file target.cif (mmCIF, N, CA and C atoms)
data_entry
loop_
_atom_site.label_atom_id
_atom_site.label_comp_id
_atom_site.auth_asym_id
_atom_site.auth_seq_id
_atom_site.Cartn_x
_atom_site.Cartn_y
_atom_site.Cartn_z
N ALA V 609 10.53 19.52 -49.38
CA ALA V 609 9.48 20.40 -49.87
C ALA V 609 10.12 21.67 -50.41
N ALA V 610 9.61 22.12 -51.51
CA ALA V 610 10.13 23.34 -52.13
C ALA V 610 9.63 24.56 -51.38
N VAL V 611 10.50 25.53 -51.21
CA VAL V 611 10.10 26.80 -50.61
C VAL V 611 9.71 27.72 -51.76
N LEU V 612 8.47 28.14 -51.77
CA LEU V 612 7.96 28.96 -52.87
C LEU V 612 7.90 30.43 -52.51
N GLY V 613 8.34 30.77 -51.32
CA GLY V 613 8.36 32.18 -50.94
C GLY V 613 8.12 32.35 -49.46
N ALA V 614 8.08 33.58 -49.06
CA ALA V 614 7.81 33.93 -47.66
C ALA V 614 7.17 35.31 -47.65
N ILE V 615 6.33 35.53 -46.68
CA ILE V 615 5.66 36.84 -46.58
C ILE V 615 6.20 37.54 -45.34
N PRO V 616 6.88 38.66 -45.54
CA PRO V 616 7.42 39.39 -44.39
C PRO V 616 6.29 40.03 -43.57
N ILE V 617 6.60 40.32 -42.34
CA ILE V 617 5.62 41.01 -41.48
C ILE V 617 5.80 42.51 -41.71
N TRP V 618 4.76 43.14 -42.23
CA TRP V 618 4.76 44.57 -42.46
C TRP V 618 3.57 45.18 -41.74
N LYS V 619 3.81 46.29 -41.09
CA LYS V 619 2.73 46.98 -40.37
C LYS V 619 1.58 47.34 -41.31
N SER V 620 1.91 47.70 -42.55
CA SER V 620 0.85 48.10 -43.48
C SER V 620 -0.04 46.93 -43.89
N MET V 621 0.35 45.72 -43.50
CA MET V 621 -0.46 44.55 -43.85
C MET V 621 -1.37 44.13 -42.71
N ASP V 622 -1.47 44.90 -41.65
CA ASP V 622 -2.43 44.58 -40.60
C ASP V 622 -3.82 44.69 -41.19
N PHE V 623 -4.61 43.65 -41.02
CA PHE V 623 -5.97 43.65 -41.58
C PHE V 623 -6.95 44.03 -40.49
N PRO V 624 -7.72 45.10 -40.73
CA PRO V 624 -8.68 45.51 -39.71
C PRO V 624 -9.74 44.44 -39.50
N GLU V 625 -10.17 44.33 -38.28
CA GLU V 625 -11.20 43.35 -37.94
C GLU V 625 -12.47 44.08 -37.52
N ARG V 626 -13.54 43.32 -37.43
CA ARG V 626 -14.78 43.84 -36.89
C ARG V 626 -15.43 42.71 -36.12
N HIS V 627 -16.62 42.92 -35.65
CA HIS V 627 -17.23 41.95 -34.75
C HIS V 627 -17.42 40.57 -35.35
N LEU V 628 -17.49 40.44 -36.65
CA LEU V 628 -17.69 39.13 -37.26
C LEU V 628 -16.51 38.68 -38.11
N GLY V 629 -15.34 39.30 -37.95
CA GLY V 629 -14.19 38.85 -38.70
C GLY V 629 -13.56 39.94 -39.52
N LEU V 630 -12.88 39.53 -40.58
CA LEU V 630 -12.18 40.47 -41.42
C LEU V 630 -13.14 41.30 -42.25
N LYS V 631 -12.68 42.47 -42.66
CA LYS V 631 -13.49 43.31 -43.53
C LYS V 631 -13.33 42.87 -44.98
N TYR V 632 -14.27 43.25 -45.81
CA TYR V 632 -14.19 42.97 -47.23
C TYR V 632 -13.01 43.72 -47.83
N PRO V 633 -12.41 43.20 -48.93
CA PRO V 633 -11.33 43.94 -49.58
C PRO V 633 -11.73 45.35 -49.98
N SER V 634 -12.98 45.55 -50.36
CA SER V 634 -13.43 46.88 -50.78
C SER V 634 -13.50 47.87 -49.62
N GLU V 635 -13.42 47.37 -48.39
CA GLU V 635 -13.55 48.24 -47.22
C GLU V 635 -12.20 48.74 -46.69
N CYS V 636 -11.11 48.24 -47.25
CA CYS V 636 -9.81 48.70 -46.77
C CYS V 636 -8.76 48.56 -47.87
N ASP V 637 -7.65 49.25 -47.70
CA ASP V 637 -6.59 49.25 -48.71
C ASP V 637 -5.52 48.19 -48.44
N ASN V 638 -5.58 47.50 -47.32
CA ASN V 638 -4.52 46.57 -46.94
C ASN V 638 -4.37 45.41 -47.91
N TYR V 639 -5.44 45.05 -48.62
CA TYR V 639 -5.35 43.94 -49.55
C TYR V 639 -4.41 44.27 -50.71
N LYS V 640 -4.27 45.56 -51.02
CA LYS V 640 -3.32 45.97 -52.05
C LYS V 640 -1.90 45.66 -51.61
N SER V 641 -1.61 45.85 -50.31
CA SER V 641 -0.28 45.52 -49.77
C SER V 641 -0.03 44.02 -49.89
N LEU V 642 -1.02 43.21 -49.60
CA LEU V 642 -0.87 41.77 -49.70
C LEU V 642 -0.60 41.37 -51.15
N ASP V 643 -1.29 42.00 -52.08
CA ASP V 643 -1.06 41.73 -53.50
C ASP V 643 0.37 42.09 -53.88
N LEU V 644 0.83 43.24 -53.46
CA LEU V 644 2.18 43.69 -53.75
C LEU V 644 3.21 42.72 -53.17
N VAL V 645 3.04 42.35 -51.93
CA VAL V 645 3.97 41.44 -51.27
C VAL V 645 3.97 40.07 -51.95
N SER V 646 2.79 39.57 -52.31
CA SER V 646 2.73 38.24 -52.93
C SER V 646 3.41 38.25 -54.30
N ARG V 647 3.31 39.36 -55.01
CA ARG V 647 3.97 39.43 -56.33
C ARG V 647 5.49 39.49 -56.21
N HIS V 648 6.00 40.04 -55.11
CA HIS V 648 7.45 40.20 -54.96
C HIS V 648 8.12 39.12 -54.12
N PHE V 649 7.38 38.44 -53.26
CA PHE V 649 8.00 37.50 -52.34
C PHE V 649 7.54 36.05 -52.52
N LEU V 650 6.64 35.80 -53.45
CA LEU V 650 6.17 34.44 -53.71
C LEU V 650 6.43 34.08 -55.17
N ASP V 651 6.78 32.84 -55.40
CA ASP V 651 6.93 32.36 -56.77
C ASP V 651 5.56 31.87 -57.23
N SER V 652 4.71 32.81 -57.65
CA SER V 652 3.32 32.48 -57.95
C SER V 652 3.20 31.55 -59.15
N SER V 653 4.11 31.66 -60.16
CA SER V 653 3.98 30.73 -61.30
C SER V 653 4.28 29.30 -60.87
N GLU V 654 5.28 29.13 -60.01
CA GLU V 654 5.60 27.79 -59.51
C GLU V 654 4.47 27.26 -58.63
N LEU V 655 3.91 28.14 -57.80
CA LEU V 655 2.80 27.75 -56.93
C LEU V 655 1.59 27.31 -57.75
N LEU V 656 1.26 28.07 -58.80
CA LEU V 656 0.13 27.69 -59.66
C LEU V 656 0.41 26.39 -60.40
N MET V 657 1.63 26.21 -60.89
CA MET V 657 1.98 24.98 -61.59
C MET V 657 1.85 23.78 -60.64
N LEU V 658 2.32 23.94 -59.42
CA LEU V 658 2.23 22.87 -58.44
C LEU V 658 0.77 22.57 -58.10
N ALA V 659 -0.04 23.61 -57.92
CA ALA V 659 -1.46 23.41 -57.60
C ALA V 659 -2.19 22.73 -58.75
N ARG V 660 -1.89 23.12 -59.97
CA ARG V 660 -2.57 22.53 -61.13
C ARG V 660 -2.17 21.09 -61.36
N SER V 661 -0.96 20.72 -60.96
CA SER V 661 -0.50 19.36 -61.20
C SER V 661 -0.87 18.40 -60.07
N SER V 662 -1.30 18.92 -58.94
CA SER V 662 -1.59 18.05 -57.80
C SER V 662 -2.90 17.31 -58.02
N ARG V 663 -2.99 16.16 -57.42
CA ARG V 663 -4.19 15.33 -57.50
C ARG V 663 -4.59 14.96 -56.09
N LEU V 664 -5.87 14.91 -55.85
CA LEU V 664 -6.37 14.47 -54.56
C LEU V 664 -6.22 12.96 -54.48
N PRO V 665 -5.98 12.42 -53.30
CA PRO V 665 -5.82 10.97 -53.19
C PRO V 665 -7.11 10.26 -53.60
N ARG V 666 -6.95 9.18 -54.32
CA ARG V 666 -8.11 8.41 -54.76
C ARG V 666 -8.03 7.04 -54.12
N THR V 667 -8.97 6.76 -53.26
CA THR V 667 -9.08 5.44 -52.65
C THR V 667 -10.51 4.97 -52.85
N GLN V 668 -10.72 3.71 -52.62
CA GLN V 668 -12.05 3.16 -52.83
C GLN V 668 -13.08 3.83 -51.91
N ASP V 669 -12.66 4.16 -50.70
CA ASP V 669 -13.58 4.77 -49.74
C ASP V 669 -13.60 6.29 -49.79
N SER V 670 -12.75 6.86 -50.61
CA SER V 670 -12.62 8.31 -50.63
C SER V 670 -13.80 8.98 -51.32
N LEU V 671 -14.21 10.11 -50.75
CA LEU V 671 -15.24 10.93 -51.40
C LEU V 671 -14.62 11.80 -52.48
N TRP V 672 -13.30 11.89 -52.50
CA TRP V 672 -12.61 12.76 -53.44
C TRP V 672 -12.30 12.00 -54.71
N LYS V 673 -13.22 12.04 -55.64
CA LYS V 673 -13.03 11.39 -56.92
C LYS V 673 -13.08 12.45 -58.01
N GLU V 674 -12.99 12.01 -59.23
CA GLU V 674 -13.15 12.95 -60.32
C GLU V 674 -14.53 13.60 -60.17
N SER V 675 -14.68 14.81 -60.62
CA SER V 675 -15.93 15.53 -60.44
C SER V 675 -16.98 15.08 -61.46
N VAL V 676 -17.41 13.85 -61.31
CA VAL V 676 -18.50 13.33 -62.13
C VAL V 676 -19.65 13.12 -61.16
N PHE V 677 -20.69 13.90 -61.33
CA PHE V 677 -21.77 13.88 -60.37
C PHE V 677 -22.88 12.95 -60.84
N PRO V 678 -23.55 12.29 -59.89
CA PRO V 678 -24.66 11.42 -60.26
C PRO V 678 -25.85 12.24 -60.77
N GLU V 679 -26.81 11.54 -61.32
CA GLU V 679 -28.06 12.20 -61.73
C GLU V 679 -28.64 12.89 -60.51
N PRO V 680 -29.02 14.16 -60.62
CA PRO V 680 -29.52 14.89 -59.43
C PRO V 680 -30.75 14.21 -58.82
N ILE V 681 -30.72 14.10 -57.50
CA ILE V 681 -31.88 13.55 -56.79
C ILE V 681 -32.62 14.65 -56.03
N ALA V 682 -32.00 15.81 -55.91
CA ALA V 682 -32.63 16.94 -55.24
C ALA V 682 -32.01 18.22 -55.77
N ARG V 683 -32.82 19.27 -55.79
CA ARG V 683 -32.32 20.60 -56.16
C ARG V 683 -32.26 21.45 -54.91
N ILE V 684 -31.13 22.09 -54.70
CA ILE V 684 -30.93 22.93 -53.52
C ILE V 684 -30.63 24.35 -53.99
N ALA V 685 -31.45 25.29 -53.55
CA ALA V 685 -31.21 26.71 -53.85
C ALA V 685 -30.14 27.21 -52.88
N VAL V 686 -29.11 27.84 -53.41
CA VAL V 686 -27.99 28.34 -52.60
C VAL V 686 -27.93 29.86 -52.74
N ALA V 687 -28.15 30.56 -51.63
CA ALA V 687 -28.06 32.02 -51.62
C ALA V 687 -26.59 32.42 -51.70
N LYS V 688 -26.21 33.17 -52.74
CA LYS V 688 -24.80 33.53 -52.89
C LYS V 688 -24.68 34.90 -53.55
N ASP V 689 -24.18 35.83 -52.79
CA ASP V 689 -23.89 37.18 -53.27
C ASP V 689 -23.06 37.88 -52.21
N GLU V 690 -23.00 39.20 -52.22
CA GLU V 690 -22.19 39.91 -51.24
C GLU V 690 -22.68 39.73 -49.81
N ALA V 691 -23.97 39.54 -49.63
CA ALA V 691 -24.53 39.39 -48.29
C ALA V 691 -24.33 37.98 -47.74
N PHE V 692 -24.34 36.99 -48.59
CA PHE V 692 -24.18 35.59 -48.20
C PHE V 692 -23.05 34.99 -49.02
N CYS V 693 -21.83 35.08 -48.49
CA CYS V 693 -20.66 34.73 -49.31
C CYS V 693 -19.71 33.74 -48.64
N PHE V 694 -20.04 33.26 -47.45
CA PHE V 694 -19.13 32.34 -46.77
C PHE V 694 -19.62 30.91 -46.97
N TYR V 695 -18.94 30.19 -47.83
CA TYR V 695 -19.23 28.78 -48.08
C TYR V 695 -17.91 28.03 -48.15
N TYR V 696 -17.91 26.83 -47.63
CA TYR V 696 -16.77 25.95 -47.83
C TYR V 696 -17.01 25.19 -49.12
N HIS V 697 -16.09 25.35 -50.08
CA HIS V 697 -16.24 24.72 -51.37
C HIS V 697 -16.42 23.20 -51.23
N ASP V 698 -15.71 22.60 -50.29
CA ASP V 698 -15.82 21.15 -50.09
C ASP V 698 -17.24 20.73 -49.75
N ASN V 699 -17.95 21.54 -48.97
CA ASN V 699 -19.34 21.20 -48.61
C ASN V 699 -20.23 21.22 -49.85
N LEU V 700 -20.05 22.22 -50.70
CA LEU V 700 -20.84 22.29 -51.93
C LEU V 700 -20.52 21.11 -52.84
N LEU V 701 -19.25 20.76 -52.92
CA LEU V 701 -18.83 19.62 -53.73
C LEU V 701 -19.43 18.32 -53.19
N LEU V 702 -19.42 18.15 -51.89
CA LEU V 702 -20.00 16.93 -51.29
C LEU V 702 -21.51 16.85 -51.56
N LEU V 703 -22.19 17.97 -51.52
CA LEU V 703 -23.62 17.96 -51.86
C LEU V 703 -23.82 17.49 -53.29
N GLN V 704 -23.00 18.01 -54.21
CA GLN V 704 -23.12 17.61 -55.61
C GLN V 704 -22.77 16.12 -55.79
N GLU V 705 -21.73 15.67 -55.12
CA GLU V 705 -21.35 14.26 -55.23
C GLU V 705 -22.41 13.34 -54.63
N SER V 706 -23.23 13.88 -53.74
CA SER V 706 -24.30 13.09 -53.13
C SER V 706 -25.58 13.15 -53.94
N GLY V 707 -25.57 13.86 -55.05
CA GLY V 707 -26.73 13.88 -55.93
C GLY V 707 -27.54 15.15 -55.91
N ALA V 708 -27.01 16.22 -55.33
CA ALA V 708 -27.75 17.48 -55.30
C ALA V 708 -27.38 18.34 -56.51
N GLU V 709 -28.38 18.97 -57.08
CA GLU V 709 -28.14 19.99 -58.09
C GLU V 709 -28.21 21.33 -57.38
N LEU V 710 -27.14 22.10 -57.43
CA LEU V 710 -27.09 23.39 -56.75
C LEU V 710 -27.56 24.47 -57.71
N VAL V 711 -28.53 25.26 -57.24
CA VAL V 711 -29.09 26.35 -58.03
C VAL V 711 -28.78 27.64 -57.27
N PHE V 712 -27.82 28.40 -57.78
CA PHE V 712 -27.40 29.62 -57.09
C PHE V 712 -28.32 30.78 -57.43
N PHE V 713 -28.54 31.64 -56.43
CA PHE V 713 -29.34 32.84 -56.64
C PHE V 713 -28.85 33.92 -55.71
N SER V 714 -29.22 35.15 -56.00
CA SER V 714 -28.80 36.30 -55.20
C SER V 714 -30.00 36.89 -54.46
N PRO V 715 -30.01 36.79 -53.13
CA PRO V 715 -31.09 37.45 -52.37
C PRO V 715 -31.09 38.97 -52.56
N LEU V 716 -29.96 39.55 -52.94
CA LEU V 716 -29.90 40.99 -53.15
C LEU V 716 -30.49 41.41 -54.49
N ARG V 717 -30.36 40.56 -55.51
CA ARG V 717 -30.77 40.94 -56.85
C ARG V 717 -31.94 40.16 -57.43
N ASP V 718 -32.08 38.90 -57.07
CA ASP V 718 -33.17 38.10 -57.61
C ASP V 718 -34.45 38.35 -56.81
N SER V 719 -35.57 38.40 -57.51
CA SER V 719 -36.82 38.75 -56.84
C SER V 719 -37.46 37.57 -56.11
N GLU V 720 -36.97 36.36 -56.35
CA GLU V 720 -37.53 35.21 -55.64
C GLU V 720 -36.51 34.07 -55.60
N VAL V 721 -36.78 33.14 -54.69
CA VAL V 721 -35.97 31.93 -54.59
C VAL V 721 -36.29 31.06 -55.80
N PRO V 722 -35.30 30.37 -56.37
CA PRO V 722 -35.60 29.51 -57.52
C PRO V 722 -36.73 28.52 -57.20
N ARG V 723 -37.52 28.23 -58.20
CA ARG V 723 -38.65 27.32 -58.03
C ARG V 723 -38.20 25.86 -58.14
N ASP V 724 -39.06 24.98 -57.72
CA ASP V 724 -38.82 23.54 -57.81
C ASP V 724 -37.53 23.11 -57.12
N VAL V 725 -37.32 23.62 -55.91
CA VAL V 725 -36.17 23.17 -55.11
C VAL V 725 -36.71 22.46 -53.87
N GLN V 726 -35.91 21.55 -53.36
CA GLN V 726 -36.31 20.80 -52.18
C GLN V 726 -35.67 21.33 -50.90
N ALA V 727 -34.69 22.23 -51.04
CA ALA V 727 -34.01 22.77 -49.86
C ALA V 727 -33.45 24.15 -50.18
N LEU V 728 -33.17 24.87 -49.13
CA LEU V 728 -32.58 26.21 -49.24
C LEU V 728 -31.34 26.25 -48.36
N TYR V 729 -30.21 26.63 -48.92
CA TYR V 729 -28.95 26.69 -48.20
C TYR V 729 -28.53 28.16 -48.16
N ILE V 730 -28.52 28.73 -46.95
CA ILE V 730 -28.11 30.12 -46.76
C ILE V 730 -26.81 30.10 -45.97
N GLY V 731 -25.73 30.48 -46.63
CA GLY V 731 -24.43 30.46 -45.99
C GLY V 731 -24.21 31.69 -45.11
N GLY V 732 -23.03 31.76 -44.57
CA GLY V 732 -22.69 32.89 -43.72
C GLY V 732 -22.34 34.12 -44.55
N GLY V 733 -22.12 35.19 -43.87
CA GLY V 733 -21.77 36.42 -44.55
C GLY V 733 -22.05 37.61 -43.66
N TYR V 734 -22.45 38.68 -44.28
CA TYR V 734 -22.74 39.92 -43.56
C TYR V 734 -24.12 40.45 -43.95
N PRO V 735 -25.17 39.69 -43.75
CA PRO V 735 -26.49 40.19 -44.15
C PRO V 735 -26.88 41.47 -43.40
N GLU V 736 -26.33 41.66 -42.20
CA GLU V 736 -26.67 42.88 -41.44
C GLU V 736 -26.19 44.13 -42.16
N ASN V 737 -25.13 44.00 -42.97
CA ASN V 737 -24.64 45.15 -43.73
C ASN V 737 -25.50 45.46 -44.95
N PHE V 738 -26.35 44.52 -45.32
CA PHE V 738 -27.18 44.67 -46.51
C PHE V 738 -28.67 44.58 -46.16
N ALA V 739 -28.99 44.82 -44.89
CA ALA V 739 -30.36 44.65 -44.42
C ALA V 739 -31.37 45.47 -45.22
N ALA V 740 -31.07 46.73 -45.49
CA ALA V 740 -32.01 47.58 -46.22
C ALA V 740 -32.22 47.05 -47.64
N ALA V 741 -31.14 46.67 -48.31
CA ALA V 741 -31.26 46.15 -49.68
C ALA V 741 -32.00 44.82 -49.70
N LEU V 742 -31.73 43.96 -48.71
CA LEU V 742 -32.44 42.67 -48.65
C LEU V 742 -33.93 42.89 -48.40
N GLU V 743 -34.25 43.77 -47.48
CA GLU V 743 -35.65 44.05 -47.19
C GLU V 743 -36.34 44.68 -48.40
N GLY V 744 -35.64 45.55 -49.11
CA GLY V 744 -36.20 46.20 -50.27
C GLY V 744 -36.43 45.26 -51.44
N ASN V 745 -35.74 44.13 -51.45
CA ASN V 745 -35.89 43.16 -52.53
C ASN V 745 -36.96 42.12 -52.23
N TRP V 746 -37.49 42.11 -51.02
CA TRP V 746 -38.50 41.12 -50.62
C TRP V 746 -39.82 41.40 -51.27
N ARG V 747 -40.47 40.38 -51.82
CA ARG V 747 -41.80 40.54 -52.43
C ARG V 747 -42.79 39.65 -51.74
#
call {"tool": "encode", "arguments": {"input": "target.cif", "output": "structure tokens"}}
result
Amino acid sequence: AAVLGAIPIWKSMDFPERHLGLKYPSECDNYKSLDLVSRHFLDSSELLMLARSSRLPRTQDSLWKESVFPEPIARIAVAKDEAFCFYYHDNLLLLQESGAELVFFSPLRDSEVPRDVQALYIGGGYPENFAAALEGNWR
């Protein structure tokens, strides 16, 4: 396996935590240190080239196929913005591969949930930090 770099342990790279995990990049300066370190200690062009050239295994039973989705059988509204931002991409992909059409909306900015949906998917995040804005957007 090729070694594409290493990240040294630096005190300035300690990431502050809070009761529900890491803070947003906008809440602390430590992400700038990570950016600086990654630019100097990682071969990012080689890493990107390797990532772009890799293929997921394709077997008859595998769910990981080319991203050709079937005709949608259901529409799912997905809340996605700063308040609801924790989603596993694989889960969204599996929903699409199973025939779901994902309709993204922002509870912070959109005045209503998209119409003609059969389900609502609200991911994790920090809604408590946006409680006033979410309440103010409710109609």
call {"tool": "closest_residue", "arguments": {"input": "target.cif", "among": "V:Ser661, V:Ala685, V:Leu655, V:Phe649", "to": "V:Leu728", "atoms": "only N, CA and C atoms"}}
result
V:Ala685
call {"tool": "closest_residue", "arguments": {"input": "target.cif", "among": "V:Leu650, V:Leu742, V:Ala682, V:Ala610", "to": "V:Glu720", "atoms": "only C-alpha atoms"}}
result
V:Leu742
call {"tool": "resolve_selection", "arguments": {"input": "target.cif", "expression": "the PyMOL selection byres ((chain V and resi 724) around 8)", "output": "list in words"}}
result
Ala682, Arg683, Ile684, Ala685, Val721, Pro722, Arg723, Val725, Gln726 and Ala727 of chain V
call {"tool": "resolve_selection", "arguments": {"input": "target.cif", "expression": "the PyMOL selection byres ((chain V and resi 616) around 8)", "output": "PDB file with N, CA and C atoms, in the coordinates of the input"}}
result
ATOM      1  N   GLY V 613       8.340  30.770 -51.320  1.00  0.00           N
ATOM      2  CA  GLY V 613       8.360  32.180 -50.940  1.00  0.00           C
ATOM      3  C   GLY V 613       8.120  32.350 -49.460  1.00  0.00           C
ATOM      4  N   ALA V 614       8.080  33.580 -49.060  1.00  0.00           N
ATOM      5  CA  ALA V 614       7.810  33.930 -47.660  1.00  0.00           C
ATOM      6  C   ALA V 614       7.170  35.310 -47.650  1.00  0.00           C
ATOM      7  N   ILE V 615       6.330  35.530 -46.680  1.00  0.00           N
ATOM      8  CA  ILE V 615       5.660  36.840 -46.580  1.00  0.00           C
ATOM      9  C   ILE V 615       6.200  37.540 -45.340  1.00  0.00           C
ATOM     10  N   ILE V 617       6.600  40.320 -42.340  1.00  0.00           N
ATOM     11  CA  ILE V 617       5.620  41.010 -41.480  1.00  0.00           C
ATOM     12  C   ILE V 617       5.800  42.510 -41.710  1.00  0.00           C
ATOM     13  N   TRP V 618       4.760  43.140 -42.230  1.00  0.00           N
ATOM     14  CA  TRP V 618       4.760  44.570 -42.460  1.00  0.00           C
ATOM     15  C   TRP V 618       3.570  45.180 -41.740  1.00  0.00           C
ATOM     16  N   LYS V 619       3.810  46.290 -41.090  1.00  0.00           N
ATOM     17  CA  LYS V 619       2.730  46.980 -40.370  1.00  0.00           C
ATOM     18  C   LYS V 619       1.580  47.340 -41.310  1.00  0.00           C
ATOM     19  N   VAL V 645       3.040  42.350 -51.930  1.00  0.00           N
ATOM     20  CA  VAL V 645       3.970  41.440 -51.270  1.00  0.00           C
ATOM     21  C   VAL V 645       3.970  40.070 -51.950  1.00  0.00           C
ATOM     22  N   SER V 646       2.790  39.570 -52.310  1.00  0.00           N
ATOM     23  CA  SER V 646       2.730  38.240 -52.930  1.00  0.00           C
ATOM     24  C   SER V 646       3.410  38.250 -54.300  1.00  0.00           C
ATOM     25  N   PHE V 649       7.380  38.440 -53.260  1.00  0.00           N
ATOM     26  CA  PHE V 649       8.000  37.500 -52.340  1.00  0.00           C
ATOM     27  C   PHE V 649       7.540  36.050 -52.520  1.00  0.00           C
TER      28      PHE V 649
END
call {"tool": "atom_distance", "arguments": {"input": "target.cif", "atom1": "atom N of V:Leu700", "atom2": "atom CA of V:Tyr729"}}
result
10.3 Å
call {"tool": "resolve_selection", "arguments": {"input": "target.cif", "expression": "the PyMOL selection byres ((chain V and resi 691) around 6)", "output": "list of chain:residue names"}}
result
V:Asp689, V:Glu690, V:Phe692, V:Cys693, V:Gly732, V:Gly733, V:Tyr734, V:Pro735
call {"tool": "closest_residue", "arguments": {"input": "target.cif", "among": "V:Glu736, V:Glu709, V:Asp698, V:Glu743", "to": "V:Ile681", "atoms": "only C-alpha atoms"}}
result
V:Glu709
call {"tool": "closest_residue", "arguments": {"input": "target.cif", "among": "V:Ile730, V:Asn699, V:Leu644, V:Arg660", "to": "V:Val686", "atoms": "all atoms listed in the file"}}
result
V:Ile730
call {"tool": "build_atoms", "arguments": {"input": "target.cif", "residues": "stretch 643-654 of chain V", "atoms": "N, CA, C and O atoms", "output": "compact mmCIF listing (two decimals), keeping the file's coordinate frame"}}
result
# COMPACT_ATOMS: atom_id res chain seq x y z
N ASP V 643 -1.29 42.00 -52.08
CA ASP V 643 -1.06 41.73 -53.50
C ASP V 643 0.37 42.09 -53.88
O ASP V 643 1.06 41.32 -54.55
N LEU V 644 0.83 43.24 -53.46
CA LEU V 644 2.18 43.69 -53.75
C LEU V 644 3.21 42.72 -53.17
O LEU V 644 4.14 42.30 -53.86
N VAL V 645 3.04 42.35 -51.93
CA VAL V 645 3.97 41.44 -51.27
C VAL V 645 3.97 40.07 -51.95
O VAL V 645 5.02 39.49 -52.21
N SER V 646 2.79 39.57 -52.31
CA SER V 646 2.73 38.24 -52.93
C SER V 646 3.41 38.25 -54.30
O SER V 646 4.04 37.27 -54.69
N ARG V 647 3.31 39.36 -55.01
CA ARG V 647 3.97 39.43 -56.33
C ARG V 647 5.49 39.49 -56.21
O ARG V 647 6.20 39.03 -57.10
N HIS V 648 6.00 40.04 -55.11
CA HIS V 648 7.45 40.20 -54.96
C HIS V 648 8.12 39.12 -54.12
O HIS V 648 9.32 38.91 -54.24
N PHE V 649 7.38 38.44 -53.26
CA PHE V 649 8.00 37.50 -52.34
C PHE V 649 7.54 36.05 -52.52
O PHE V 649 7.99 35.17 -51.81
N LEU V 650 6.64 35.80 -53.45
CA LEU V 650 6.17 34.44 -53.71
C LEU V 650 6.43 34.08 -55.17
O LEU V 650 6.27 34.93 -56.04
N ASP V 651 6.78 32.84 -55.40
CA ASP V 651 6.93 32.36 -56.77
C ASP V 651 5.56 31.87 -57.23
O ASP V 651 5.26 30.68 -57.17
N SER V 652 4.71 32.81 -57.65
CA SER V 652 3.32 32.48 -57.95
C SER V 652 3.20 31.55 -59.15
O SER V 652 2.33 30.69 -59.19
N SER V 653 4.11 31.66 -60.16
CA SER V 653 3.98 30.73 -61.30
C SER V 653 4.28 29.30 -60.87
O SER V 653 3.60 28.37 -61.28
N GLU V 654 5.28 29.13 -60.01
CA GLU V 654 5.60 27.79 -59.51
C GLU V 654 4.47 27.26 -58.63
O GLU V 654 4.10 26.09 -58.70
